[in-house]
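Colleague: Structure file model.txt (compact mmCIF, C-alpha atoms) right here:
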```txt
# COMPACT_ATOMS: atom_id res chain seq x y z
CA MET A 1 86.43 1.34 76.02
CA THR A 2 89.32 -0.32 74.21
CA VAL A 3 89.32 -0.42 70.45
CA ILE A 4 91.60 -1.78 67.78
CA SER A 5 93.01 1.33 66.20
CA ASN A 6 95.68 0.81 63.61
CA GLU A 7 94.08 -1.31 60.91
CA PRO A 8 95.46 0.28 57.72
CA ASN A 9 92.35 -0.36 55.61
CA PRO A 10 89.10 0.59 57.38
CA SER A 11 86.94 0.02 54.31
CA SER A 12 84.98 -2.73 56.06
CA ILE A 13 84.01 -0.46 58.96
CA SER A 14 81.17 1.99 58.69
CA SER A 15 81.33 5.55 59.96
CA ASN A 16 79.93 4.64 63.35
CA GLY A 17 82.47 1.87 63.82
CA SER A 18 80.13 -0.97 62.90
CA SER A 19 81.12 -3.42 60.23
CA LYS A 20 78.77 -3.36 57.21
CA SER A 21 79.03 -7.13 56.95
CA LEU A 22 80.79 -9.76 59.00
CA TRP A 23 82.17 -11.22 55.78
CA THR A 24 83.91 -7.93 54.95
CA ASN A 25 85.41 -7.63 58.43
CA PHE A 26 88.88 -8.76 57.40
CA ARG A 27 90.23 -8.82 60.94
CA PHE A 28 87.52 -11.21 62.06
CA MET A 29 87.93 -13.33 58.94
CA ARG A 30 91.64 -13.80 59.68
CA MET A 31 90.79 -14.79 63.23
CA PHE A 32 88.08 -17.12 61.94
CA ILE A 33 90.43 -18.87 59.51
CA ALA A 34 93.10 -19.24 62.20
CA TYR A 35 90.53 -20.61 64.66
CA SER A 36 89.27 -23.07 62.04
CA LEU A 37 92.77 -24.40 61.39
CA ALA A 38 93.59 -24.73 65.08
CA THR A 39 90.28 -26.40 65.96
CA PHE A 40 90.47 -28.87 63.09
CA GLY A 41 94.02 -29.80 64.06
CA ASP A 42 93.05 -30.39 67.69
CA TRP A 43 90.36 -32.89 66.72
CA PHE A 44 92.42 -34.38 63.92
CA ASP A 45 95.00 -35.97 66.22
CA ALA A 46 92.68 -36.71 69.17
CA LEU A 47 91.85 -40.15 67.78
CA ALA A 48 95.45 -40.77 66.73
CA ILE A 49 96.72 -40.24 70.27
CA GLN A 50 94.14 -42.68 71.66
CA VAL A 51 95.07 -45.28 69.05
CA MET A 52 98.77 -44.80 69.74
CA VAL A 53 98.33 -45.20 73.49
CA ALA A 54 95.77 -48.01 73.50
CA TYR A 55 96.87 -50.14 70.53
CA ARG A 56 100.48 -49.33 69.71
CA TRP A 57 101.69 -49.01 73.30
CA GLY A 58 99.11 -51.31 74.94
CA ALA A 59 98.81 -48.88 77.87
CA ASP A 60 96.90 -49.69 81.05
CA PRO A 61 93.26 -48.40 81.16
CA LEU A 62 94.24 -46.13 84.06
CA ILE A 63 96.79 -44.40 81.84
CA ILE A 64 94.14 -43.92 79.16
CA ALA A 65 91.76 -42.47 81.77
CA LEU A 66 94.44 -40.00 82.84
CA ILE A 67 94.57 -38.41 79.37
CA PRO A 68 91.39 -36.27 79.73
CA VAL A 69 92.33 -35.50 83.34
CA CYS A 70 95.76 -34.18 82.34
CA MET A 71 94.15 -32.07 79.65
CA ALA A 72 91.60 -30.61 82.10
CA VAL A 73 93.92 -29.75 84.99
CA PRO A 74 95.54 -26.69 83.28
CA GLY A 75 92.10 -25.16 82.83
CA ILE A 76 91.29 -25.61 86.52
CA VAL A 77 94.55 -24.11 87.71
CA LEU A 78 95.11 -21.37 85.13
CA GLY A 79 91.75 -20.65 83.47
CA SER A 80 90.89 -17.48 85.39
CA VAL A 81 94.50 -16.26 85.36
CA ALA A 82 94.66 -16.75 81.58
CA GLY A 83 91.51 -14.65 81.25
CA ALA A 84 93.05 -11.81 83.25
CA LEU A 85 96.18 -11.93 81.08
CA ALA A 86 94.05 -11.82 77.94
CA ASP A 87 92.45 -8.58 79.13
CA ARG A 88 95.84 -7.16 80.13
CA LEU A 89 98.20 -8.14 77.28
CA HIS A 90 98.24 -8.01 73.48
CA LYS A 91 95.69 -10.61 72.43
CA VAL A 92 97.00 -11.41 68.95
CA LYS A 93 100.50 -11.96 70.31
CA ILE A 94 99.13 -14.28 73.00
CA MET A 95 97.38 -16.34 70.32
CA MET A 96 100.47 -16.46 68.10
CA ILE A 97 102.77 -17.45 70.95
CA CYS A 98 100.32 -20.20 71.96
CA ASP A 99 100.28 -21.47 68.37
CA VAL A 100 104.08 -21.59 68.17
CA ILE A 101 104.45 -23.37 71.51
CA THR A 102 101.65 -25.78 70.54
CA VAL A 103 103.59 -26.68 67.38
CA LEU A 104 106.71 -27.44 69.42
CA LEU A 105 104.77 -29.50 72.00
CA THR A 106 102.95 -31.41 69.25
CA ILE A 107 106.29 -32.31 67.69
CA GLY A 108 107.38 -33.43 71.15
CA ILE A 109 104.28 -35.66 71.37
CA LEU A 110 105.25 -37.09 67.98
CA PHE A 111 108.52 -38.36 69.44
CA ALA A 112 107.22 -39.25 72.93
CA PRO A 113 108.61 -42.72 73.79
CA SER A 114 106.08 -43.59 76.49
CA ALA A 115 103.05 -42.42 78.46
CA ALA A 116 105.35 -40.96 81.11
CA TRP A 117 106.46 -38.41 78.51
CA LEU A 118 103.13 -38.13 76.70
CA LEU A 119 100.93 -37.08 79.64
CA PRO A 120 102.99 -34.01 80.66
CA LEU A 121 103.25 -32.94 77.03
CA LEU A 122 99.47 -33.22 76.60
CA ALA A 123 98.97 -31.18 79.78
CA LEU A 124 101.31 -28.46 78.53
CA ARG A 125 99.61 -28.40 75.14
CA ALA A 126 96.22 -28.11 76.81
CA MET A 127 97.64 -25.19 78.79
CA MET A 128 98.23 -23.32 75.53
CA GLY A 129 94.55 -23.73 74.72
CA VAL A 130 93.67 -22.31 78.14
CA PHE A 131 95.52 -19.10 77.24
CA HIS A 132 94.45 -19.05 73.59
CA VAL A 133 90.65 -19.20 74.04
CA PRO A 134 90.13 -16.12 76.28
CA ALA A 135 92.40 -14.05 74.03
CA GLN A 136 90.47 -15.14 70.94
CA GLN A 137 87.09 -14.40 72.54
CA ALA A 138 88.23 -11.03 73.91
CA LEU A 139 89.57 -9.98 70.52
CA THR A 140 86.37 -11.13 68.81
CA ARG A 141 84.37 -8.86 71.14
CA GLN A 142 86.49 -5.91 70.04
CA VAL A 143 86.71 -6.42 66.28
CA VAL A 144 83.09 -7.57 65.70
CA ALA A 145 80.22 -5.09 65.79
CA GLU A 146 77.59 -5.89 68.41
CA GLU A 147 74.91 -6.60 65.81
CA HIS A 148 77.17 -9.29 64.33
CA LEU A 149 78.17 -11.02 67.57
CA PHE A 150 75.51 -13.71 67.27
CA GLN A 151 76.56 -14.49 63.70
CA ALA A 152 80.22 -14.63 64.75
CA SER A 153 79.40 -17.01 67.60
CA SER A 154 77.39 -19.17 65.19
CA LEU A 155 80.28 -19.36 62.72
CA ASN A 156 82.77 -20.32 65.41
CA GLY A 157 80.36 -22.95 66.72
CA PHE A 158 79.82 -24.26 63.20
CA VAL A 159 83.56 -24.73 62.70
CA ASN A 160 83.92 -26.40 66.09
CA GLN A 161 81.15 -28.92 65.39
CA CYS A 162 82.34 -29.62 61.84
CA SER A 163 85.83 -30.24 63.21
CA LYS A 164 84.45 -32.70 65.77
CA VAL A 165 82.95 -34.73 62.93
CA ALA A 166 85.43 -34.29 60.08
CA GLY A 167 88.60 -34.27 62.19
CA PRO A 168 88.25 -37.75 63.76
CA LEU A 169 86.85 -39.25 60.54
CA LEU A 170 89.73 -37.99 58.39
CA GLY A 171 92.13 -38.82 61.20
CA ALA A 172 90.85 -42.39 61.23
CA VAL A 173 91.51 -42.65 57.49
CA ILE A 174 95.07 -41.34 57.92
CA VAL A 175 95.69 -43.72 60.83
CA ALA A 176 94.45 -46.66 58.77
CA VAL A 177 96.48 -45.77 55.68
CA PHE A 178 99.60 -44.38 57.33
CA SER A 179 100.13 -44.09 61.11
CA PRO A 180 99.06 -42.04 64.16
CA GLN A 181 102.29 -40.06 63.87
CA VAL A 182 101.18 -38.63 60.52
CA CYS A 183 98.00 -37.27 62.15
CA ILE A 184 100.03 -35.64 64.89
CA LEU A 185 102.34 -34.08 62.31
CA ILE A 186 99.35 -32.68 60.39
CA ASN A 187 98.09 -31.08 63.61
CA ALA A 188 101.46 -29.36 64.04
CA CYS A 189 101.18 -28.04 60.48
CA THR A 190 97.66 -26.67 60.99
CA ARG A 191 98.77 -24.86 64.13
CA LEU A 192 101.72 -23.38 62.24
CA LEU A 193 99.34 -22.15 59.53
CA SER A 194 97.07 -20.70 62.22
CA GLY A 195 99.91 -18.57 63.54
CA ALA A 196 100.86 -17.52 59.99
CA VAL A 197 97.30 -16.34 59.29
CA LEU A 198 97.38 -14.22 62.47
CA TRP A 199 100.79 -12.72 61.63
CA PRO A 200 99.44 -9.65 59.72
CA LEU A 201 97.40 -8.72 62.83
CA ARG A 202 100.46 -8.62 65.09
CA ARG A 203 100.67 -4.80 64.98
CA LEU A 204 97.12 -4.20 66.16
CA THR A 205 97.17 -2.11 69.32
CA GLU A 206 94.61 -1.25 71.95
CA GLU A 207 94.08 2.35 72.90
CA SER A 208 91.72 4.15 75.22
CA GLU A 209 88.81 5.63 73.35
CA PRO A 210 88.75 9.48 73.59
CA SER A 211 85.79 10.31 75.79
CA ALA A 212 86.72 13.48 77.63
CA SER A 213 85.28 16.82 76.51
CA ASP A 214 88.59 17.86 74.98
CA GLY A 215 88.96 14.58 73.11
CA SER A 216 91.84 13.35 75.28
CA PRO A 217 91.85 9.71 76.39
CA LEU A 218 90.43 8.90 79.78
CA GLU A 219 92.65 6.84 82.08
CA THR A 220 90.92 3.64 83.06
CA GLY A 221 93.57 2.46 85.46
CA GLU A 222 93.57 -1.03 83.99
CA THR A 223 97.13 -0.85 82.69
CA THR A 224 98.60 0.16 86.05
CA GLU A 225 96.81 -2.47 88.11
CA SER A 226 98.47 -5.70 89.15
CA LEU A 227 97.47 -8.97 87.57
CA PHE A 228 96.05 -10.17 90.90
CA SER A 229 93.89 -7.04 91.20
CA GLN A 230 92.50 -7.53 87.71
CA TRP A 231 91.89 -11.20 88.47
CA GLN A 232 89.89 -10.22 91.57
CA LYS A 233 87.89 -7.68 89.60
CA GLY A 234 86.94 -10.39 87.10
CA TRP A 235 85.43 -12.55 89.83
CA ARG A 236 83.70 -9.54 91.44
CA PHE A 237 82.24 -8.48 88.11
CA ILE A 238 80.69 -11.90 87.54
CA GLN A 239 79.30 -11.93 91.08
CA SER A 240 77.74 -8.50 90.50
CA SER A 241 76.08 -9.51 87.22
CA ARG A 242 73.00 -11.67 87.69
CA THR A 243 72.95 -12.54 84.01
CA LEU A 244 76.53 -13.82 83.88
CA LEU A 245 76.39 -15.54 87.27
CA SER A 246 73.13 -17.31 86.38
CA THR A 247 74.55 -18.38 83.03
CA ILE A 248 77.79 -19.83 84.40
CA LEU A 249 76.05 -21.67 87.25
CA PHE A 250 73.31 -22.94 84.93
CA GLY A 251 75.94 -24.10 82.47
CA CYS A 252 77.95 -25.92 85.13
CA PHE A 253 74.92 -27.78 86.51
CA GLY A 254 73.89 -28.95 83.07
CA LEU A 255 77.46 -29.77 82.05
CA MET A 256 77.89 -31.83 85.22
CA ALA A 257 74.90 -33.98 84.25
CA ILE A 258 75.99 -34.37 80.62
CA LEU A 259 79.64 -35.21 81.34
CA MET A 260 78.64 -37.93 83.79
CA ILE A 261 77.76 -40.08 80.75
CA ASP A 262 79.81 -38.40 78.01
CA TYR A 263 82.54 -41.06 78.21
CA GLN A 264 80.11 -43.94 78.83
CA PHE A 265 78.33 -44.35 75.49
CA THR A 266 80.60 -47.29 74.67
CA THR A 267 79.67 -48.87 78.01
CA LEU A 268 75.97 -48.52 77.16
CA PHE A 269 76.29 -49.92 73.64
CA ARG A 270 78.51 -52.76 74.83
CA GLU A 271 75.65 -53.89 77.07
CA ILE A 272 72.66 -53.47 74.76
CA LYS A 273 74.28 -54.26 71.37
CA PRO A 274 77.56 -56.02 72.13
CA GLY A 275 78.33 -57.06 68.56
CA ASN A 276 77.92 -53.65 66.91
CA GLU A 277 81.07 -51.59 67.46
CA ALA A 278 80.10 -49.10 64.74
CA LEU A 279 77.23 -47.68 66.80
CA ILE A 280 79.44 -45.21 68.64
CA GLY A 281 80.59 -43.84 65.29
CA TRP A 282 77.02 -43.48 64.04
CA LEU A 283 76.03 -41.71 67.24
CA GLY A 284 78.96 -39.30 67.08
CA SER A 285 78.40 -38.50 63.42
CA SER A 286 74.66 -37.93 63.86
CA ALA A 287 75.26 -35.70 66.89
CA GLY A 288 77.77 -33.67 64.91
CA ALA A 289 75.37 -33.41 61.98
CA GLY A 290 72.59 -32.22 64.28
CA ALA A 291 74.83 -29.53 65.74
CA VAL A 292 75.86 -28.35 62.27
CA VAL A 293 72.22 -28.14 61.12
CA ILE A 294 71.06 -26.08 64.10
CA ILE A 295 74.06 -23.75 63.87
CA LEU A 296 73.37 -23.11 60.17
CA LEU A 297 69.79 -22.25 61.07
CA LEU A 298 70.85 -20.01 63.96
CA ASN A 299 73.31 -18.22 61.72
CA ARG A 300 70.32 -16.82 59.79
CA LEU A 301 68.90 -15.21 62.93
CA PRO A 302 69.99 -11.84 64.36
CA ARG A 303 69.64 -13.07 67.95
CA ILE A 304 68.01 -15.67 70.22
CA GLY A 305 66.40 -15.49 73.65
CA TYR A 306 68.77 -16.71 76.34
CA GLY A 307 66.27 -18.95 78.11
CA TRP A 308 65.11 -20.58 74.89
CA GLY A 309 68.66 -21.15 73.69
CA LEU A 310 70.24 -22.42 76.91
CA GLY A 311 67.20 -24.15 78.39
CA GLY A 312 66.00 -25.50 75.04
CA GLY A 313 69.45 -26.90 74.34
CA TYR A 314 69.43 -28.85 77.60
CA VAL A 315 65.89 -30.11 76.94
CA LEU A 316 66.96 -31.61 73.59
CA ILE A 317 70.16 -33.07 75.04
CA GLY A 318 68.33 -34.55 78.03
CA ALA A 319 65.60 -36.06 75.85
CA GLY A 320 68.20 -37.73 73.62
CA ILE A 321 70.21 -39.12 76.55
CA ALA A 322 67.13 -40.43 78.36
CA ALA A 323 65.85 -42.07 75.16
CA LEU A 324 69.16 -43.87 74.70
CA GLY A 325 68.70 -45.26 78.21
CA TRP A 326 65.52 -47.00 77.03
CA VAL A 327 67.14 -48.49 73.92
CA SER A 328 67.16 -52.30 73.94
CA SER A 329 68.85 -54.98 71.87
CA GLN A 330 65.78 -55.10 69.59
CA THR A 331 65.77 -51.36 68.91
CA SER A 332 66.59 -50.36 65.34
CA GLU A 333 69.90 -48.57 64.76
CA LEU A 334 67.87 -45.80 63.09
CA TRP A 335 66.66 -44.70 66.52
CA ILE A 336 70.27 -44.38 67.70
CA ILE A 337 70.89 -41.96 64.84
CA ILE A 338 67.67 -40.03 65.61
CA TRP A 339 68.55 -39.60 69.29
CA GLY A 340 72.09 -38.63 68.28
CA LEU A 341 70.64 -35.89 66.06
CA CYS A 342 68.52 -34.72 69.00
CA ILE A 343 71.59 -34.49 71.26
CA GLY A 344 73.52 -32.65 68.53
CA LEU A 345 70.71 -30.14 67.98
CA GLY A 346 70.65 -29.37 71.68
CA ASN A 347 74.42 -29.13 71.93
CA GLY A 348 74.68 -26.69 69.03
CA LEU A 349 71.81 -24.56 70.34
CA PHE A 350 73.30 -24.38 73.83
CA MET A 351 76.90 -23.66 72.81
CA VAL A 352 76.07 -20.87 70.34
CA THR A 353 73.75 -19.19 72.84
CA LEU A 354 76.31 -19.51 75.65
CA ASN A 355 79.17 -17.94 73.68
CA TYR A 356 76.89 -15.19 72.35
CA LEU A 357 75.59 -14.37 75.83
CA LEU A 358 79.05 -14.20 77.41
CA GLN A 359 80.23 -11.95 74.57
CA LYS A 360 77.24 -9.63 74.54
CA GLU A 361 76.72 -9.25 78.28
CA THR A 362 80.36 -8.48 79.05
CA PRO A 363 82.12 -5.15 78.44
CA PRO A 364 85.09 -5.54 76.08
CA ALA A 365 87.62 -4.94 78.87
CA TYR A 366 86.33 -7.99 80.77
CA VAL A 367 85.66 -10.59 78.07
CA GLY A 368 88.95 -12.44 78.59
CA ARG A 369 88.42 -12.76 82.32
CA VAL A 370 84.81 -13.90 82.00
CA PHE A 371 85.70 -16.61 79.48
CA GLY A 372 88.74 -17.61 81.53
CA ILE A 373 86.69 -18.05 84.71
CA GLN A 374 84.01 -19.95 82.81
CA ASN A 375 86.70 -22.23 81.37
CA SER A 376 88.20 -22.79 84.81
CA LEU A 377 84.88 -23.83 86.35
CA SER A 378 84.04 -26.05 83.36
CA SER A 379 87.39 -27.80 83.74
CA VAL A 380 86.56 -28.64 87.35
CA VAL A 381 83.32 -30.23 86.15
CA LEU A 382 85.25 -32.05 83.41
CA VAL A 383 87.32 -33.85 86.04
CA VAL A 384 84.63 -34.52 88.64
CA ALA A 385 81.67 -35.49 86.45
CA PRO A 386 83.14 -38.53 84.61
CA LEU A 387 84.27 -40.05 87.91
CA ALA A 388 80.81 -39.56 89.40
CA GLY A 389 79.20 -41.01 86.27
CA GLY A 390 81.44 -44.06 86.37
CA ALA A 391 80.55 -44.68 90.01
CA LEU A 392 76.82 -44.34 89.25
CA ILE A 393 77.04 -46.80 86.34
CA ARG A 394 78.82 -49.34 88.54
CA SER A 395 76.06 -48.92 91.11
CA VAL A 396 72.86 -49.07 89.00
CA GLY A 397 73.99 -50.03 85.47
CA PRO A 398 74.36 -48.13 82.18
CA SER A 399 70.72 -47.96 81.01
CA PRO A 400 69.22 -46.65 84.29
CA THR A 401 72.09 -44.16 84.58
CA PHE A 402 71.35 -42.75 81.12
CA GLN A 403 67.66 -42.52 82.02
CA TYR A 404 68.36 -40.67 85.29
CA ILE A 405 70.95 -38.31 83.80
CA GLY A 406 68.77 -37.60 80.76
CA MET A 407 65.75 -36.73 82.87
CA ALA A 408 67.87 -34.56 85.17
CA THR A 409 69.30 -32.66 82.19
CA LEU A 410 65.82 -32.24 80.71
CA ALA A 411 64.54 -30.91 84.05
CA ILE A 412 67.39 -28.39 84.23
CA GLY A 413 66.53 -27.22 80.72
CA LEU A 414 62.83 -26.84 81.53
CA ALA A 415 63.72 -24.86 84.65
CA GLY A 416 65.84 -22.53 82.54
CA MET A 417 63.00 -21.95 80.08
CA LEU A 418 60.38 -21.39 82.80
CA LEU A 419 62.59 -19.14 84.92
CA GLN A 420 64.25 -17.21 82.09
CA ARG A 421 62.68 -13.89 83.12
CA ILE A 422 64.24 -14.27 86.57
CA LEU A 423 67.61 -15.58 85.40
CA TRP A 424 68.34 -13.58 82.27
CA GLU A 425 65.91 -10.82 81.39
CA GLY A 426 66.77 -8.26 84.07
CA LYS A 427 69.01 -5.44 82.90
CA GLN A 428 72.52 -5.66 84.35
CA PRO A 429 74.47 -2.40 84.56
CA TYR A 430 78.18 -2.41 83.92
CA PRO A 431 79.68 -1.21 87.23
CA ALA A 432 81.73 1.87 86.33
CA GLU A 433 84.14 1.31 89.21
CA SER A 434 84.79 -2.24 88.04
CA THR A 435 85.10 -1.90 84.28
CA GLY A 436 86.51 1.55 83.92
CA GLU A 437 84.14 1.97 80.98
CA VAL A 438 82.40 5.25 80.31
CA GLY A 439 79.10 5.45 78.53
CA GLN A 440 78.10 1.80 79.11
CA LYS A 441 74.85 2.03 81.02
CA SER A 442 73.23 -1.33 80.77
CA VAL A 443 73.34 -4.62 79.04
CA ARG A 444 70.80 -4.79 76.26
CA GLN A 445 68.89 -7.99 76.22
CA PRO A 446 68.29 -9.93 73.03
```
If you took the structure in this file and wrote it as structure tokens, what would it be?
Modeller:
Amino acid sequence: MTVISNEPNPSSISSNGSSKSLWTNFRFMRMFIAYSLATFGDWFDALAIQVMVAYRWGADPLIIALIPVCMAVPGIVLGSVAGALADRLHKVKIMMICDVITVLLTIGILFAPSAAWLLPLLALRAMMGVFHVPAQQALTRQVVAEEHLFQASSLNGFVNQCSKVAGPLLGAVIVAVFSPQVCILINACTRLLSGAVLWPLRRLTEESEPSASDGSPLETGETTESLFSQWQKGWRFIQSSRTLLSTILFGCFGLMAILMIDYQFTTLFREIKPGNEALIGWLGSSAGAGAVVIILLLNRLPRIGYGWGLGGGYVLIGAGIAALGWVSSQTSELWIIIWGLCIGLGNGLFMVTLNYLLQKETPPAYVGRVFGIQNSLSSVVLVVAPLAGGALIRSVGPSPTFQYIGMATLAIGLAGMLLQRILWEGKQPYPAESTGEVGQKSVRQP
């Protein structure tokens, strides 16, 4: 098993290697601060780029539609490879290099003269995120004690949801007072600060844990394998683990349903309440608030059942989406906020449980590959689902589409809750020949 070995001050680690408190785990706290800065910056300039393209440049709708596609393609092509590299190379250095390159690409976006320059730069910047996320998750698995993994996942989810709300809102203020370019520049600064916070961790090294009778390190063979071989082992490991395979497939089915309407809320509101452009903002803010509330509640728990977290999250999301499909022009705006809160509660519950499960059910040597493969498959859904949703809306209309998609998502969630003993509660051994880990006998269920 790989461990981080050269932290000069081990005062936050107990004698058995477990951190007494997550808040005194200084390595995690540095990673948490860096992640917070990077996540906030990403959402801070998301609105600014849309404003710059749509209003300042007057770009064609097709060009605007290509923005999320360009940002998803790197994950499809490189997601699983990035995960293998995260398990193979120095994780802190990967994160720092990604931060530095992101700063340079963001500055390039700042001076992009047209969409022809902007789209490739956005794709390259998204590529840095593809490499950054598996490294961050793999390092979290190593520096956080197992009993604190759920709390760590909750904190990261809390920051992500807060950034989704606060980033665009503050970005909108900056755009209104100054210009989109100022937002983009602030994002570059937050990424630079993220790399600076990680700088003291640059000397952390990974060593094999002594497990032989004489105390000498056991050779796992991971360092001498080719990247392609490690990539193959990542896929084989997921296929051999019922828990991980069920989770990733369950997540992709539900994500497919949700993303079919994720970009179509404006289409729905334009039909049912054409004169109220602020509704989309109220919906987004209420969804973000709901996610923050549920994550704060989850952060007080030591763990959560997988079926209740994943299935329950989809039930709440599906109920909110379906309810929005039955909203009419006479419906009070208060109900829009209520259903937004419902969607946010489900989203927060699902995302925290998903990240916790992938962390806990994966041996440390494989975390990067598992998250990379999951990211790659999610990126495929991110491209396919909006196109399918747009075609369905053109065929049957916005309101019926929201009703169908909501009910489908709710059904997927109920299936997850009813079948949780089959999908998630069986013990999954870590294959010794795959992980190279010694002493890991089974995955302990929450």
Colleague: Could you check which of A:Gly389, A:Gly79, A:Gly368, A:Pro168 is closest to A:Val51, using only C-alpha atoms?
Modeller: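 Of A:Gly389, A:Gly79, A:Gly368, A:Pro168, the one nearest A:Val51, counting only C-alpha atoms, is A:Pro168.
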Colleague: Counting all atoms listed in the file, what is within 6 Å of A:Gly340, bar same-chain residues fewer than 4 positions away, as an MDAnalysis selection string?
Modeller: chainID A and resid 283 286:287
Colleague: Which of these residues is nearest to A:Trp23, using all atoms listed in the file: A:Val380, A:Ala166, A:Leu414, A:Ala145?
Modeller: A:Ala145
Colleague: Skipping near chain neighbours, those fewer than 6 positions away, what residues fall within 9 Å of stretch 262-272 of chain A using all atoms listed in the file, listed as a PyMOL selection string?
Modeller: chain A and resi 279-280+283+324-325+327-330+386+389-390+393+397-399+402
Colleague: Kindly indicate which residue among A:Cys162, A:Ile338, A:Val92, A:Leu169 lies nearest to A:His132, using only C-alpha atoms for the distances.
Modeller: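 Closest to A:His132 of all the choices is A:Val92.
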Colleague: Nearest to A:Leu297 among A:Leu155, A:Ala188, A:Met256, A:Ile321, with distances taken over all atoms listed in the file: which residue is it?
Modeller: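 Of all the options, A:Leu155 lies closest to A:Leu297.
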Colleague: Could you make a table, as CSV, of the residues of stretch 78-156 of chain A that have an atom within 7 Å of an atom of stretch 25-32 of chain A, each with its nearest atom pair and distance in Å to one decimal, counting all atoms listed in the file, in chain and number order?
Modeller:
```
residue,atom,partner,partner_atom,distance
A:Thr140,CA,A:Phe28,CA,6.8
A:Val143,CA,A:Phe28,CA,6.4
A:Val144,CA,A:Phe28,CA,6.8
```
Colleague: In Å, rounded to a single decimal, give me how far atom CA of A:Pro274 is from atom CA of A:Ser332.
Modeller: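 Going from atom CA of A:Ser332 over to atom CA of A:Pro274, I get 14.1 Å.
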Colleague: Of the candidates A:Ala322, A:Ile109, A:Ala408, A:Met417, which shows the shortest atom-to-atom distance to A:Gly309, using all atoms listed in the file?
Modeller: A:Met417
Colleague: Find the residues near A:Pro113: any atom within 12 Å, counting all atoms listed in the file, skip ones fewer than 3 places away on the same chain, and give them as a CSV table (one decimal) with C-alpha atoms, in the frame of the given file.
Modeller:
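Everything below was put into out08.csv:
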```
chain,number,residue,atom,x,y,z
A,52,MET,CA,98.8,-44.8,69.7
A,53,VAL,CA,98.3,-45.2,73.5
A,56,ARG,CA,100.5,-49.3,69.7
A,57,TRP,CA,101.7,-49.0,73.3
A,108,GLY,CA,107.4,-33.4,71.2
A,109,ILE,CA,104.3,-35.7,71.4
A,110,LEU,CA,105.2,-37.1,68.0
A,116,ALA,CA,105.4,-41.0,81.1
A,117,TRP,CA,106.5,-38.4,78.5
A,118,LEU,CA,103.1,-38.1,76.7
A,119,LEU,CA,100.9,-37.1,79.6
A,121,LEU,CA,103.2,-32.9,77.0
```
Colleague: Every residue with an atom at most 6 Å from (88.3, -7.1, 83.1) (file coordinates; only C-alpha atoms) is what I'm after, so could you write them as a VMD selection string?
Modeller: chain A and resid 87 234 365 to 366 369
Colleague: Rank A:Leu66, A:Phe253, A:Gly318, A:Thr39 by their smallest atom-to-atom distance to A:Asn160, using all atoms listed in the file, and report the top residue only.
Modeller: A:Thr39
Colleague: Leaving out A:Ile422 and any residue of its chain fewer than 4 positions from it, which residues lie within 10 Å of it when counting all atoms listed in the file, given as a ChimeraX atom specification?
Modeller: /A:242-243,246,307,416,418,426
Colleague: For a test of reading the model, state the distance in Å between atom CA of A:Pro302 and atom CA of A:Gln359, rounded to one decimal.
Modeller: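 Interatomic distance, atom CA of A:Pro302 to atom CA of A:Gln359: 14.5 Å.
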Colleague: Between atom CA of A:Val69 and atom CA of A:Met127, what is the distance in Å, rounded to a tenth?
Modeller: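 Taking atom CA of A:Val69 and atom CA of A:Met127, their separation equals 12.5 Å.
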Colleague: Around all the atoms of stretch 72-86 of chain A listed in the file, with 5 Å of room on each side, what axis-aligned box do you get, giving centre and edge lengths in Å to one decimal, as JSON?
Modeller:
```
{"center_x": 93.5, "center_y": -21.2, "center_z": 82.8, "size_x": 15.3, "size_y": 28.8, "size_z": 19.8}
```
Colleague: Residues around (85.8, -20.9, 84.8), cut-off 10 Å, counting all atoms listed in the file - what are they as a PyMOL selection string?
Modeller: chain A and resi 75-81+83+235+248+252+369-381
Colleague: Find the spatial neighbours of A:Val352, counting all atoms listed in the file, within a cut-off of 7 Å - ignore same-chain residues fewer than 4 positions away - and output them as a PyMOL selection string.
Modeller: chain A and resi 153-154+157+348+356
